[in-house]
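To be precise, the following lines are my_file_0.pdb, and they hold PDB, C-alpha atoms.
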ATOM      1  CA  MET A  24       0.000   0.000   0.000
ATOM      2  CA  ARG A  25       1.183   3.514  -0.673
ATOM      3  CA  ASN A  26       2.986   4.706   2.429
ATOM      4  CA  ILE A  27       1.873   1.887   4.679
ATOM      5  CA  GLU A  28       4.514  -0.634   5.446
ATOM      6  CA  LEU A  29       2.899  -3.981   4.837
ATOM      7  CA  ASN A  30       5.328  -6.361   6.392
ATOM      8  CA  LYS A  31       5.274 -10.116   6.013
ATOM      9  CA  GLU A  32       3.096 -10.422   9.138
ATOM     10  CA  HIS A  33       0.388  -8.118   7.693
ATOM     11  CA  ILE A  34       0.338 -10.020   4.409
ATOM     12  CA  GLU A  35       0.184 -13.392   6.160
ATOM     13  CA  TYR A  36      -2.709 -12.134   8.327
ATOM     14  CA  GLN A  37      -4.574 -10.968   5.216
ATOM     15  CA  LYS A  38      -3.944 -14.346   3.594
ATOM     16  CA  SER A  39      -5.240 -16.128   6.699
ATOM     17  CA  ILE A  40      -8.487 -14.097   6.592
ATOM     18  CA  CYS A  41      -8.878 -15.016   2.920
ATOM     19  CA  THR A  42      -8.294 -18.689   3.694
ATOM     20  CA  LYS A  43     -10.697 -18.594   6.656
ATOM     21  CA  TYR A  44     -13.495 -17.266   4.438
ATOM     22  CA  ASN A  45     -12.648 -19.206   1.240
ATOM     23  CA  SER A  46     -11.606 -16.114  -0.709
ATOM     24  CA  LEU A  47      -8.860 -15.690  -3.244
ATOM     25  CA  PHE A  48      -6.085 -13.433  -1.961
ATOM     26  CA  ASN A  49      -6.665 -10.256  -3.991
ATOM     27  CA  PRO A  50      -4.657  -7.261  -2.680
ATOM     28  CA  ILE A  51      -5.972  -3.812  -3.531
ATOM     29  CA  ASN A  52      -4.398  -1.489  -6.061
ATOM     30  CA  GLU A  53      -2.905   1.077  -3.718
ATOM     31  CA  GLN A  54      -3.011   3.778  -6.406
ATOM     32  CA  LEU A  55      -6.833   3.748  -6.365
ATOM     33  CA  PHE A  56      -9.264   5.037  -3.742
ATOM     34  CA  ILE A  57     -11.538   3.383  -1.201
ATOM     35  CA  GLY A  58     -15.025   4.841  -0.822
ATOM     36  CA  ILE A  59     -15.887   5.722   2.768
ATOM     37  CA  ALA A  60     -19.113   7.165   4.087
ATOM     38  CA  THR A  61     -18.437   7.909   7.711
ATOM     39  CA  ASP A  62     -16.028   8.995  10.390
ATOM     40  CA  PHE A  63     -16.496   5.540  12.000
ATOM     41  CA  GLU A  64     -17.945   6.705  15.298
ATOM     42  CA  LEU A  65     -20.930   4.406  14.829
ATOM     43  CA  GLU A  66     -20.961   0.624  14.828
ATOM     44  CA  PRO A  67     -20.900  -1.813  13.210
ATOM     45  CA  ILE A  68     -18.420  -1.082  10.425
ATOM     46  CA  ASN A  69     -19.484  -2.530   7.068
ATOM     47  CA  GLY A  70     -17.471  -3.094   3.916
ATOM     48  CA  LEU A  71     -18.133  -4.505   0.481
ATOM     49  CA  ARG A  72     -15.934  -5.007  -2.563
ATOM     50  CA  HIS A  73     -17.050  -4.358  -6.133
ATOM     51  CA  PRO A  74     -14.754  -4.643  -9.168
ATOM     52  CA  GLU A  75     -12.350  -1.715  -9.672
ATOM     53  CA  HIS A  76     -13.925   1.175 -11.530
ATOM     54  CA  GLY A  77     -12.280   4.426 -12.586
ATOM     55  CA  THR A  78     -10.240   5.709  -9.638
ATOM     56  CA  MET A  79     -11.940   3.413  -7.113
ATOM     57  CA  ASN A  80     -10.387   0.094  -6.020
ATOM     58  CA  GLY A  81     -13.794  -1.454  -5.354
ATOM     59  CA  TRP A  82     -13.965  -1.233  -1.555
ATOM     60  CA  TYR A  83     -16.807   0.781   0.001
ATOM     61  CA  ILE A  84     -16.842   1.079   3.785
ATOM     62  CA  TRP A  85     -19.344   2.728   6.144
ATOM     63  CA  SER A  86     -20.802   2.661   9.633
ATOM     64  CA  GLY A  87     -24.294   3.550  10.723
ATOM     65  CA  GLU A  88     -27.218   3.691   8.345
ATOM     66  CA  TRP A  89     -26.855   3.043   4.596
ATOM     67  CA  SER A  90     -27.884   5.786   2.182
ATOM     68  CA  ASP A  91     -28.577   5.679  -1.548
ATOM     69  CA  SER A  92     -27.496   9.314  -1.845
ATOM     70  CA  ASP A  93     -25.072  10.013  -4.720
ATOM     71  CA  ASP A  94     -22.644  11.698  -2.304
ATOM     72  CA  PHE A  95     -22.781   9.038   0.443
ATOM     73  CA  PHE A  96     -19.256   7.772  -0.299
ATOM     74  CA  LYS A  97     -16.153   9.962  -0.455
ATOM     75  CA  PRO A  98     -12.816   8.757  -1.893
ATOM     76  CA  ILE A  99      -9.898   8.212   0.463
ATOM     77  CA  HIS A 100      -6.497   6.577   0.006
ATOM     78  CA  ALA A 101      -6.089   3.301   1.866
ATOM     79  CA  GLU A 102      -3.271   4.695   3.996
ATOM     80  CA  HIS A 103      -5.561   7.364   5.476
ATOM     81  CA  LEU A 104      -8.323   4.874   6.190
ATOM     82  CA  ILE A 105      -5.910   2.498   7.891
ATOM     83  CA  LYS A 106      -4.532   5.249  10.097
ATOM     84  CA  LYS A 107      -8.108   5.872  11.310
ATOM     85  CA  ARG A 108      -9.165   2.216  11.610
ATOM     86  CA  PRO A 109      -6.186  -0.178  11.363
ATOM     87  CA  GLU A 110      -8.366  -3.208  12.112
ATOM     88  CA  ILE A 111      -9.834  -2.897   8.605
ATOM     89  CA  LEU A 112      -6.471  -3.686   6.981
ATOM     90  CA  LYS A 113      -6.883  -7.434   7.424
ATOM     91  CA  TYR A 114     -10.008  -7.498   5.206
ATOM     92  CA  LEU A 115      -8.730  -5.481   2.251
ATOM     93  CA  SER A 116      -7.363  -8.489   0.336
ATOM     94  CA  LEU A 117     -10.685 -10.325   0.276
ATOM     95  CA  ASP A 118     -11.744 -10.931  -3.312
ATOM     96  CA  ILE A 119     -14.364  -9.033  -5.304
ATOM     97  CA  GLY A 120     -17.835  -9.943  -4.061
ATOM     98  CA  PHE A 121     -16.969 -10.180  -0.381
ATOM     99  CA  ARG A 122     -18.534  -8.200   2.432
ATOM    100  CA  PHE A 123     -17.607  -7.812   6.084
ATOM    101  CA  GLN A 124     -19.157  -6.445   9.249
ATOM    102  CA  ILE A 125     -17.171  -5.858  12.453
ATOM    103  CA  ASP A 126     -17.465  -4.023  15.741
ATOM    104  CA  SER A 127     -15.208  -3.072  18.642
ATOM    105  CA  LYS A 128     -16.513  -5.953  20.798
ATOM    106  CA  GLY A 129     -14.972  -8.585  18.520
ATOM    107  CA  TYR A 130     -17.939  -9.320  16.289
ATOM    108  CA  GLU A 131     -16.842 -10.407  12.806
ATOM    109  CA  ASP A 132     -18.953 -11.595   9.918
ATOM    110  CA  VAL A 133     -17.550 -12.106   6.410
ATOM    111  CA  TRP A 134     -19.532 -13.461   3.485
ATOM    112  CA  PHE A 135     -19.614 -13.657  -0.287
ATOM    113  CA  ASP A 136     -22.346 -11.814  -2.215
ATOM    114  CA  GLU A 137     -22.397 -12.820  -5.902
ATOM    115  CA  LYS A 138     -24.393  -9.693  -6.847
ATOM    116  CA  LEU A 139     -21.413  -7.465  -6.000
ATOM    117  CA  LYS A 140     -19.364  -8.927  -8.860
ATOM    118  CA  ASN A 141     -21.718  -7.554 -11.509
ATOM    119  CA  ILE A 142     -22.060  -3.951 -10.404
TER     120      ILE A 142
END
Could you render the structure from this file as C-alpha cells?
Amino acid sequence: MRNIELNKEHIEYQKSICTKYNSLFNPINEQLFIGIATDFELEPINGLRHPEHGTMNGWYIWSGEWSDSDDFFKPIHAEHLIKKRPEILKYLSLDIGFRFQIDSKGYEDVWFDEKLKNI
C-alpha cells in the first residue's frame, strides 16, 4: 500500500483471513481510492468489494445507516483509512464480491455476495 509498510506479518494475516473465508487473496491497487461514508464513530463497520472502476479500487466502507445518496461515499487513500481504523487492513485483500461487518466488541462476519461482482 502507498505509504503503509505492509510487512510479512500483515500479508500473512490478510492471507489467513482469505483462507478462513474461502476467498482468493486479492490485494488492492494502492493507487486507487476506497469509498468511505463515515467517520467511523458508529458501529458496526461494514465493507463490500465491487470490481475496480475508474479511480476506485472497489472497496466501500461505512458505519451507521446506509444511504442511496449520490454523495454518500467519499474517496480516500487506503493509507488514510488504515490510520483511522487499522483493524480494517486485514479485510482489504478479500476478493471481489466479499462483504464484512465488524465491531469493537470482537464481532466479525464475512460473506460472499455474488451480486457485487456484476455492479
Query raised in the report: How many Å lie between atom CA of Asp126 of chain A and atom CA of Ile57 of chain A, rounded to one decimal?
Result: 19.4 Å
Query raised in the report: Do you know which residues the PyMOL selection byres ((chain A and resi 41) around 12) returns on this file, as a PyMOL selection string?
Result: chain A and resi 34-40+42-50+113-119+121-123+133-135
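Here the question is which of A:Gly129, A:Gly70, A:Gly120, A:Pro109 gets nearest to Trp89 of chain A using all atoms listed in the file, and that residue is A:Gly70.
Nearest residue to Asn69 of chain A, choosing from A:Asp136, A:Glu53, A:Glu88, A:Asp93 and counting only C-alpha atoms: A:Glu88.
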Report summary line: From the list A:Asn141, A:Gln124, A:Gln54, A:Asn30, the nearest residue to Met79 of chain A using only C-alpha atoms is A:Gln54
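Using only C-alpha atoms, the smallest distance between any of A:Glu66, A:Lys128, A:Gly58, A:Leu71 and Asp94 of chain A comes from A:Gly58.
The space separating atom CA of Asn80 of chain A from atom CA of Tyr130 of chain A comes to 25.4 Å.
When the PyMOL selection byres ((chain A and resi 103) around 12) is evaluated on the file shown here, the picked residues come out as Met24, Arg25, Asn26, Ile27, Glu53, Phe56, Ile57, Gly58, Ile59, Asp62, Pro98, Ile99, His100, Ala101, Glu102, Leu104, Ile105, Lys106, Lys107, Arg108, Pro109, Ile111 and Leu112 of chain A.
The shortest atom-to-atom distance to Arg72 of chain A, with all atoms listed in the file taken into account, belongs to A:Ile51 out of A:Glu32, A:Lys97, A:Ile51, A:Ile125.
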Residue rebuild result segment 72-83 of chain A, all heavy atoms as a compact mmCIF listing (two decimals), in the frame of the given file:
# COMPACT_ATOMS: atom_id res chain seq x y z
N ARG A 72 -16.89 -5.18 -1.47
CA ARG A 72 -15.93 -5.01 -2.56
C ARG A 72 -16.56 -5.31 -3.92
O ARG A 72 -16.94 -6.44 -4.20
CB ARG A 72 -14.70 -5.89 -2.37
CG ARG A 72 -13.59 -5.54 -3.36
CD ARG A 72 -12.31 -6.24 -3.05
NE ARG A 72 -11.23 -5.73 -3.90
CZ ARG A 72 -10.00 -6.23 -3.90
NH1 ARG A 72 -9.68 -7.24 -3.11
NH2 ARG A 72 -9.08 -5.71 -4.70
N HIS A 73 -16.64 -4.26 -4.73
CA HIS A 73 -17.05 -4.36 -6.13
C HIS A 73 -15.79 -4.48 -6.99
O HIS A 73 -14.67 -4.27 -6.50
CB HIS A 73 -17.76 -3.07 -6.57
CG HIS A 73 -19.10 -2.86 -5.95
ND1 HIS A 73 -20.17 -3.68 -6.19
CD2 HIS A 73 -19.54 -1.90 -5.10
CE1 HIS A 73 -21.21 -3.24 -5.52
NE2 HIS A 73 -20.87 -2.16 -4.84
N PRO A 74 -15.92 -4.73 -8.28
CA PRO A 74 -14.75 -4.64 -9.17
C PRO A 74 -14.22 -3.20 -9.20
O PRO A 74 -14.96 -2.25 -8.93
CB PRO A 74 -15.33 -5.02 -10.54
CG PRO A 74 -16.56 -5.80 -10.25
CD PRO A 74 -17.12 -5.20 -8.98
N GLU A 75 -12.93 -3.06 -9.50
CA GLU A 75 -12.35 -1.72 -9.67
C GLU A 75 -13.12 -0.96 -10.75
O GLU A 75 -13.56 -1.55 -11.73
CB GLU A 75 -10.88 -1.81 -10.10
CG GLU A 75 -9.97 -2.33 -9.03
CD GLU A 75 -8.52 -2.41 -9.50
OE1 GLU A 75 -8.21 -2.02 -10.65
OE2 GLU A 75 -7.69 -2.88 -8.69
N HIS A 76 -13.24 0.35 -10.54
CA HIS A 76 -13.92 1.18 -11.53
C HIS A 76 -13.36 2.59 -11.45
O HIS A 76 -13.39 3.20 -10.39
CB HIS A 76 -15.43 1.19 -11.27
CG HIS A 76 -16.19 2.02 -12.25
ND1 HIS A 76 -16.40 1.60 -13.55
CD2 HIS A 76 -16.75 3.24 -12.14
CE1 HIS A 76 -17.08 2.54 -14.19
NE2 HIS A 76 -17.31 3.53 -13.35
N GLY A 77 -12.84 3.07 -12.57
CA GLY A 77 -12.28 4.43 -12.59
C GLY A 77 -11.15 4.56 -11.58
O GLY A 77 -10.19 3.80 -11.63
N THR A 78 -11.28 5.48 -10.64
CA THR A 78 -10.24 5.71 -9.64
C THR A 78 -10.52 4.96 -8.34
O THR A 78 -9.78 5.12 -7.38
CB THR A 78 -10.12 7.21 -9.32
OG1 THR A 78 -11.37 7.67 -8.78
CG2 THR A 78 -9.73 8.01 -10.54
N MET A 79 -11.56 4.13 -8.34
CA MET A 79 -11.94 3.41 -7.11
C MET A 79 -11.47 1.95 -7.17
O MET A 79 -11.62 1.30 -8.19
CB MET A 79 -13.46 3.45 -6.92
CG MET A 79 -14.04 4.86 -6.90
SD MET A 79 -13.35 5.91 -5.58
CE MET A 79 -14.12 5.17 -4.16
N ASN A 80 -10.91 1.46 -6.04
CA ASN A 80 -10.39 0.09 -6.02
C ASN A 80 -11.46 -0.95 -5.74
O ASN A 80 -11.17 -2.13 -5.72
CB ASN A 80 -9.22 -0.04 -5.04
CG ASN A 80 -9.63 0.11 -3.60
OD1 ASN A 80 -10.78 -0.09 -3.22
ND2 ASN A 80 -8.69 0.47 -2.76
N GLY A 81 -12.70 -0.52 -5.54
CA GLY A 81 -13.79 -1.45 -5.35
C GLY A 81 -14.31 -1.56 -3.93
O GLY A 81 -15.42 -2.02 -3.71
N TRP A 82 -13.52 -1.17 -2.94
CA TRP A 82 -13.96 -1.23 -1.56
C TRP A 82 -14.79 -0.01 -1.20
O TRP A 82 -14.41 1.13 -1.49
CB TRP A 82 -12.78 -1.32 -0.59
CG TRP A 82 -12.32 -2.72 -0.40
CD1 TRP A 82 -11.15 -3.26 -0.86
CD2 TRP A 82 -12.99 -3.77 0.29
NE1 TRP A 82 -11.07 -4.58 -0.51
CE2 TRP A 82 -12.20 -4.91 0.21
CE3 TRP A 82 -14.21 -3.85 0.97
CZ2 TRP A 82 -12.55 -6.13 0.77
CZ3 TRP A 82 -14.58 -5.06 1.53
CH2 TRP A 82 -13.75 -6.18 1.44
N TYR A 83 -15.93 -0.26 -0.53
CA TYR A 83 -16.81 0.78 0.00
C TYR A 83 -17.09 0.43 1.45
O TYR A 83 -17.55 -0.69 1.75
CB TYR A 83 -18.10 0.87 -0.82
CG TYR A 83 -17.80 1.35 -2.22
CD1 TYR A 83 -17.46 0.46 -3.22
CD2 TYR A 83 -17.81 2.71 -2.51
CE1 TYR A 83 -17.15 0.91 -4.49
CE2 TYR A 83 -17.50 3.16 -3.79
CZ TYR A 83 -17.17 2.25 -4.76
OH TYR A 83 -16.85 2.70 -6.02
